[in-house]
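Structure first, then comments.
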Amino acid sequence: MTKLSNRKLFVSSCIVFYISFLTTTHVLAFTTLQTNNVQSLPFIPKQKTCLQQQQLGTFEPLNIPTQQSSSSSSALQEEERSIAFYNYSSTTPIPYEPMWNMQKKLLQCHLNRLSSSSSFSCNQFLSVEDTSILTTLNGYYVHSSESHTHSFQDKDAIIMLQHTPVYTLGTASDPNYITSQDNVDIIRIERGGEVTCHAPGQLTVYPILDLRGYKQDIHWYMRALEECILIALEKAGVQGATREEDLTGVWVQNKKIAALGVKVRRWVTMHGLAVNVEQSCVSYFDGIVPCGLVGRQVCCINDFLDEPMSVAEFSVCMKEAMEEVFEVALVEV
């Protein structure tokens, strides 16, 4: 009888313990679930911020190694990485569509080269013969149908110019960010980014580059363009220009001085950057929300200089900066 009672007591204790275990486990599970939910909320924006920063990327110098040869010289190295430079910054402002067509033509020439070439390396830069042709044509290349016979049309190039007034929209840009047209042309193009403005007094730069010769990373390329702007602004005497976290472009005293928007196809770039130089270009931004950034203002280089600078003068600073960042020599047509 005693053994039976002890057995019943043991069974009862086991049942009580099991029920208590289930209850405790349920409470702990519920508490853990609630705690995890509470803890997870603050981490969501942190994850998004981290992803945004990762997507924006960072700039790292290329540090292209020079050939180890007794005959090597700095001039030879520049010759080996020479690209065409179309500088229209001092000419009359050019309408948008002709220069857009020029970009597309140069891009297509690159694509044709890539389709017909078994090797992608070392054939995107100008040869000695190409350099000789470029220095004698003096702009004839752009306007003549005979230019198709020249071999340098499929090589890297940089275009600098001023545009007549135009608002450009990227592929996914919201047209509602155009608040007043005021007889300014509106063109939707195949770049990224929101609406921006081009106008006289602004330097626009279109690099047509095969990124295989630099770094095959679009985010690096965007940061490299920003680096060119930062260096050029410093050369021009503008102090305090910076990037801004999670945003594309360059800023001075919390105002945007330069914008970027690119298109990349098979690692070949088109479109590019624009830097506000003269105060005459700033008023055109009154008709848009620049880059879709509500409440943000724009500025220009001459806002920060005692002696005003022309677009042509600033193009010299930009040329030097691009040669430094992309480690090339720009051979002017």
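Labeling convention for the structure tokens: chains A, B, ... as they appear, residues from 1 per chain, ligands from 1 in order of appearance.
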Item to check | Residues near segment 300-315 of chain A, cut-off 9 Å, only C-alpha atoms, skip fewer than 3 positions along chain, as a PyMOL selection string | outcome: chain A and resi 87-91+160-162+200-203+232-233+235-239+252+255-258+275-279+281-282+318-320
Next on the checklist: Residues of segment 118-241 of chain A classed as strand (DSSP E or B) by DSSP on the backbone are to be reported as a PyMOL selection string.
Outcome noted: chain A and resi 157-161+163+166-169+178+185-188+196-198+202-208+210+241
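Nearest to Ala157 of chain A of all the residues A:Gly193, A:Pro175, A:Pro207, A:Gly261 is A:Pro207, counting only C-alpha atoms.
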Next on the checklist: Please extract the residues of segment 119-270 of chain A with a backbone DSSP assignment of alpha helix (DSSP H) and present them as a VMD selection string.
Outcome noted: chain A and resid 128 to 137 140 to 143 218 to 236
Which residues come within 10 Å of Cys291 of chain A, counting only C-alpha atoms, excluding same-chain residues fewer than 6 positions away, as a CSV table (one decimal) with N, CA, C and O atoms, in the first residue's frame?
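Result saved to selection-v3.csv:
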chain,number,residue,atom,x,y,z
A,169,LEU,N,14.9,64.4,-67.5
A,169,LEU,CA,14.4,63.4,-66.6
A,169,LEU,C,15.0,62.1,-66.9
A,169,LEU,O,15.3,61.7,-68.0
A,170,GLY,N,15.4,61.4,-65.8
A,170,GLY,CA,15.9,60.0,-65.9
A,170,GLY,C,14.8,59.0,-66.2
A,170,GLY,O,13.6,59.4,-66.4
A,173,SER,N,12.3,59.1,-63.4
A,173,SER,CA,12.1,60.4,-62.8
A,173,SER,C,10.6,60.8,-62.7
A,173,SER,O,9.8,60.4,-63.6
A,174,ASP,N,10.2,61.5,-61.7
A,174,ASP,CA,8.8,61.9,-61.5
A,174,ASP,C,8.7,63.3,-62.1
A,174,ASP,O,9.3,64.3,-61.7
A,177,TYR,N,8.2,66.8,-60.3
A,177,TYR,CA,9.3,67.6,-59.8
A,177,TYR,C,9.6,68.8,-60.7
A,177,TYR,O,10.5,69.6,-60.3
A,193,GLY,N,18.6,58.7,-61.8
A,193,GLY,CA,18.4,59.9,-61.1
A,193,GLY,C,17.1,60.7,-61.4
A,193,GLY,O,16.4,60.3,-62.4
A,194,GLU,N,16.9,61.7,-60.7
A,194,GLU,CA,15.7,62.5,-60.9
A,194,GLU,C,15.9,63.7,-61.8
A,194,GLU,O,17.0,63.7,-62.4
A,195,VAL,N,15.0,64.6,-61.9
A,195,VAL,CA,15.1,65.7,-62.8
A,195,VAL,C,16.3,66.6,-62.4
A,195,VAL,O,16.6,66.8,-61.3
A,196,THR,N,17.0,67.1,-63.4
A,196,THR,CA,18.0,68.1,-63.2
A,196,THR,C,18.0,69.2,-64.4
A,196,THR,O,17.2,69.0,-65.3
A,197,CYS,N,18.8,70.1,-64.2
A,197,CYS,CA,18.8,71.3,-65.2
A,197,CYS,C,20.2,71.4,-65.8
A,197,CYS,O,21.2,71.3,-65.1
A,247,LEU,N,23.6,60.3,-50.3
A,247,LEU,CA,23.1,61.1,-51.4
A,247,LEU,C,24.2,61.2,-52.5
A,247,LEU,O,25.4,61.2,-52.1
A,248,THR,N,23.8,61.3,-53.7
A,248,THR,CA,24.8,61.4,-54.8
A,248,THR,C,25.0,62.9,-55.2
A,248,THR,O,24.0,63.7,-55.2
A,249,GLY,N,26.2,63.3,-55.4
A,249,GLY,CA,26.5,64.7,-55.8
A,249,GLY,C,27.5,65.3,-54.8
A,249,GLY,O,28.1,64.6,-54.0
A,256,LYS,N,23.7,72.2,-53.0
A,256,LYS,CA,24.2,71.3,-54.0
A,256,LYS,C,24.8,72.1,-55.1
A,256,LYS,O,24.2,73.0,-55.7
A,259,ALA,N,25.7,67.8,-59.8
A,259,ALA,CA,24.9,66.6,-59.8
A,259,ALA,C,25.4,65.5,-60.8
A,259,ALA,O,26.2,65.9,-61.7
A,260,LEU,N,25.0,64.3,-60.6
A,260,LEU,CA,25.5,63.2,-61.4
A,260,LEU,C,24.3,62.3,-61.8
A,260,LEU,O,23.3,62.2,-61.1
A,261,GLY,N,24.5,61.7,-63.0
A,261,GLY,CA,23.5,60.7,-63.5
A,261,GLY,C,24.1,60.0,-64.7
A,261,GLY,O,24.6,60.7,-65.6
Item to check | Spatial neighbours of Ser127 of chain A, 9 Å, only C-alpha atoms, chain gap at least 4 places, as a PyMOL selection string | outcome: chain A and resi 79-82+123+131-132+152
